[in-house]
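File shown: model.cif. Contents: mmCIF, C-alpha atoms.
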data_start
loop_
_atom_site.label_atom_id
_atom_site.label_comp_id
_atom_site.auth_asym_id
_atom_site.auth_seq_id
_atom_site.Cartn_x
_atom_site.Cartn_y
_atom_site.Cartn_z
CA MET A 1 274.72 -22.92 -73.10
CA ARG A 2 276.83 -21.89 -70.09
CA LEU A 3 280.58 -21.60 -70.56
CA THR A 4 283.12 -21.95 -67.79
CA PHE A 5 285.79 -19.28 -67.50
CA SER A 6 288.44 -21.56 -69.04
CA ALA A 7 286.13 -22.50 -71.94
CA LEU A 8 285.35 -18.84 -72.55
CA ALA A 9 289.06 -17.98 -72.45
CA ALA A 10 289.81 -20.72 -74.99
CA VAL A 11 287.00 -19.54 -77.28
CA LEU A 12 288.20 -15.93 -77.06
CA PHE A 13 291.81 -16.97 -77.68
CA PHE A 14 290.72 -19.05 -80.68
CA THR A 15 288.46 -16.32 -82.05
CA LEU A 16 290.83 -13.39 -81.60
CA SER A 17 294.34 -14.83 -81.81
CA ALA A 18 294.20 -17.62 -84.35
CA PRO A 19 293.27 -15.56 -87.43
CA VAL A 20 295.84 -12.89 -86.63
CA ALA A 21 298.58 -15.46 -86.06
CA ALA A 22 297.65 -17.24 -89.31
CA GLU A 23 298.08 -14.04 -91.29
CA GLN A 24 301.25 -13.08 -89.42
CA ALA A 25 302.66 -16.46 -90.40
CA LYS A 26 301.99 -15.47 -94.03
CA GLY A 27 303.63 -12.08 -93.53
CA ALA A 28 300.45 -9.99 -93.25
CA THR A 29 300.62 -6.79 -91.27
CA THR A 30 296.96 -5.75 -91.17
CA ALA A 31 294.12 -6.86 -88.93
CA HIS A 32 291.61 -9.35 -90.33
CA VAL A 33 289.11 -12.02 -89.33
CA THR A 34 288.98 -15.68 -90.38
CA SER A 35 285.90 -17.75 -89.57
CA ALA A 36 286.42 -21.19 -88.06
CA ASP A 37 284.97 -22.88 -91.16
CA ALA A 38 287.56 -21.12 -93.38
CA ILE A 39 290.60 -22.57 -91.57
CA LYS A 40 292.43 -24.94 -93.92
CA PHE A 41 293.72 -28.26 -92.57
CA MET A 42 296.19 -30.69 -94.14
CA PRO A 43 297.26 -34.19 -93.16
CA LEU A 44 300.17 -34.30 -90.73
CA ASP A 45 301.28 -37.40 -92.63
CA PRO A 46 300.49 -37.08 -96.36
CA LYS A 47 300.47 -40.90 -96.58
CA ASN A 48 297.55 -40.97 -94.11
CA PRO A 49 295.01 -38.38 -95.33
CA GLY A 50 292.33 -39.73 -92.95
CA GLY A 51 294.57 -39.37 -89.88
CA ILE A 52 295.72 -36.36 -87.87
CA GLN A 53 295.10 -33.00 -89.57
CA VAL A 54 296.96 -29.75 -88.81
CA SER A 55 296.65 -26.04 -89.57
CA VAL A 56 299.73 -23.98 -88.70
CA LEU A 57 298.95 -20.57 -87.24
CA SER A 58 302.48 -19.32 -86.67
CA GLY A 59 305.93 -20.74 -87.14
CA ASP A 60 306.90 -23.89 -88.99
CA LEU A 61 306.37 -27.46 -87.76
CA MET A 62 309.96 -28.36 -88.60
CA ALA A 63 311.74 -25.12 -87.58
CA LYS A 64 313.70 -24.74 -84.35
CA ALA A 65 311.52 -21.81 -83.28
CA PRO A 66 308.18 -22.22 -81.49
CA VAL A 67 305.14 -23.23 -83.54
CA THR A 68 301.42 -22.83 -82.85
CA PHE A 69 298.90 -24.95 -84.71
CA PHE A 70 295.49 -26.56 -84.61
CA MET A 71 295.43 -30.35 -84.57
CA LYS A 72 292.37 -32.45 -85.44
CA LEU A 73 292.55 -35.94 -83.99
CA PRO A 74 290.31 -38.85 -84.94
CA LYS A 75 288.94 -41.02 -82.14
CA GLY A 76 291.58 -43.26 -80.58
CA ALA A 77 294.75 -43.38 -78.51
CA SER A 78 298.21 -42.27 -79.63
CA GLY A 79 300.22 -44.82 -77.69
CA LEU A 80 303.06 -43.77 -75.40
CA HIS A 81 305.45 -41.32 -77.03
CA THR A 82 307.71 -38.29 -76.52
CA HIS A 83 308.39 -34.95 -78.20
CA THR A 84 311.73 -33.17 -78.08
CA ALA A 85 310.16 -29.84 -77.09
CA GLY A 86 307.57 -29.12 -74.43
CA TYR A 87 304.12 -27.95 -75.42
CA HIS A 88 300.91 -26.41 -74.15
CA ALA A 89 297.57 -27.82 -75.37
CA VAL A 90 294.04 -26.41 -75.21
CA VAL A 91 291.03 -28.59 -76.03
CA ILE A 92 288.82 -26.59 -78.39
CA ARG A 93 286.31 -29.29 -79.35
CA GLY A 94 285.74 -32.88 -78.26
CA GLN A 95 286.73 -34.96 -75.24
CA ALA A 96 290.36 -35.93 -74.68
CA LYS A 97 292.66 -37.62 -72.17
CA HIS A 98 296.33 -36.92 -71.48
CA TRP A 99 298.59 -38.77 -69.03
CA ALA A 100 302.19 -39.29 -68.00
CA ALA A 101 303.64 -42.79 -68.46
CA GLY A 102 301.92 -45.15 -66.01
CA GLY A 103 298.93 -42.84 -65.50
CA GLU A 104 296.52 -44.02 -68.19
CA ALA A 105 294.18 -45.80 -65.74
CA THR A 106 293.59 -42.60 -63.77
CA ALA A 107 293.63 -40.09 -66.65
CA GLN A 108 290.53 -37.93 -66.60
CA VAL A 109 288.47 -37.03 -69.64
CA VAL A 110 288.61 -33.29 -70.30
CA GLY A 111 286.58 -31.11 -72.65
CA PRO A 112 286.68 -27.68 -74.30
CA GLY A 113 288.65 -25.08 -72.38
CA SER A 114 290.78 -27.69 -70.62
CA THR A 115 294.56 -27.37 -70.89
CA TRP A 116 297.74 -29.25 -70.15
CA TYR A 117 301.46 -28.71 -70.36
CA GLN A 118 303.77 -31.52 -71.41
CA PRO A 119 307.53 -31.15 -70.82
CA GLY A 120 309.85 -32.19 -73.62
CA ASN A 121 311.33 -35.71 -73.66
CA ALA A 122 308.80 -37.01 -71.10
CA VAL A 123 306.91 -40.20 -72.00
CA HIS A 124 303.15 -39.65 -72.16
CA GLY A 125 299.98 -40.70 -73.97
CA ASP A 126 296.92 -38.99 -75.39
CA GLU A 127 293.51 -40.16 -76.49
CA CYS A 128 290.60 -38.55 -78.28
CA VAL A 129 287.57 -40.24 -76.71
CA SER A 130 284.95 -38.43 -78.84
CA ALA A 131 284.41 -38.84 -82.58
CA GLU A 132 286.97 -36.08 -83.21
CA CYS A 133 289.05 -33.68 -81.12
CA LEU A 134 290.34 -30.24 -82.02
CA LEU A 135 293.34 -29.02 -80.02
CA LEU A 136 295.36 -25.83 -80.10
CA LEU A 137 299.05 -26.58 -79.51
CA THR A 138 301.96 -24.24 -78.86
CA VAL A 139 305.22 -26.15 -79.08
CA GLU A 140 308.40 -24.63 -77.65
CA GLY A 141 310.52 -25.88 -80.56
CA PRO A 142 310.15 -28.10 -83.62
CA PHE A 143 307.28 -30.56 -83.57
CA ASP A 144 308.21 -34.23 -83.59
CA PHE A 145 306.71 -37.52 -82.40
CA MET A 146 308.76 -40.51 -81.20
CA PRO A 147 307.07 -43.71 -80.03
CA ALA A 148 308.27 -44.68 -76.55
CA LYS A 149 310.69 -47.59 -76.30
#
Structure encoded using structure tokens:
Amino acid sequence: MRLTFSALAAVLFFTLSAPVAAEQAKGATTAHVTSADAIKFMPLDPKNPGGIQVSVLSGDLMAKAPVTFFMKLPKGASGLHTHTAGYHAVVIRGQAKHWAAGGEATAQVVGPGSTWYQPGNAVHGDECVSAECLLLLTVEGPFDFMPAK
């Protein structure tokens, strides 16, 4: 299998940074390794255990400070929405689309190693077009989701 530079960078970031950040979030001060299959996910919405799953690496989803987390998305579109804070996303696994309001028809499908930045308060949509998508998100503030009006 041949990896592009961006895919390799994402894999290295995932492999090297994620376990360290996860332990730092728990207050650990020593180096360690966590295999991908040992990462624990929980439902973003406890009332929908089959929906979006998250694993926080550093920070707190509801805190004002930045937060970094993995997000597993089932196949399907999110609908147009906003977030208060801007965020960076990296596709780790699967095929996804991301677009600004009005751009869904021309949104390209992107795979592992692909990235995007979404400014806060800007209407946009996302879609996981494969059976499941795994994203790494770094949000510049608290994580929230507001359907567009």
The PyMOL selection byres ((chain A and resi 65-74) around 10) resolved against shown file, as an NGL selection string:
:A and (14 or 18 or 21-22 or 25 or 39-44 or 50-64 or 75-78 or 85-94 or 96 or 127-143)
Figure out the distance between CA of Ala36 in chain A and CA of Gly113 in chain A, please, to one decimal in Å.
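A separation of 16.3 Å between them.
Picked by the PyMOL selection byres ((chain A and resi 148) around 9) from the coordinates shown: Gly79, Leu80, His81, Thr82, Val123, His124, Met146, Pro147 and Lys149 of chain A.
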Residue contacts of range 98-100 of chain A (9 Å, all atoms listed in the file) excluding same-chain residues fewer than 6 positions away, as a PyMOL selection string
chain A and resi 80+106-110+116+118+122-127
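The interatomic distance for the pair CA of Asp45 in chain A and CA of Thr84 in chain A works out to 18.4 Å.
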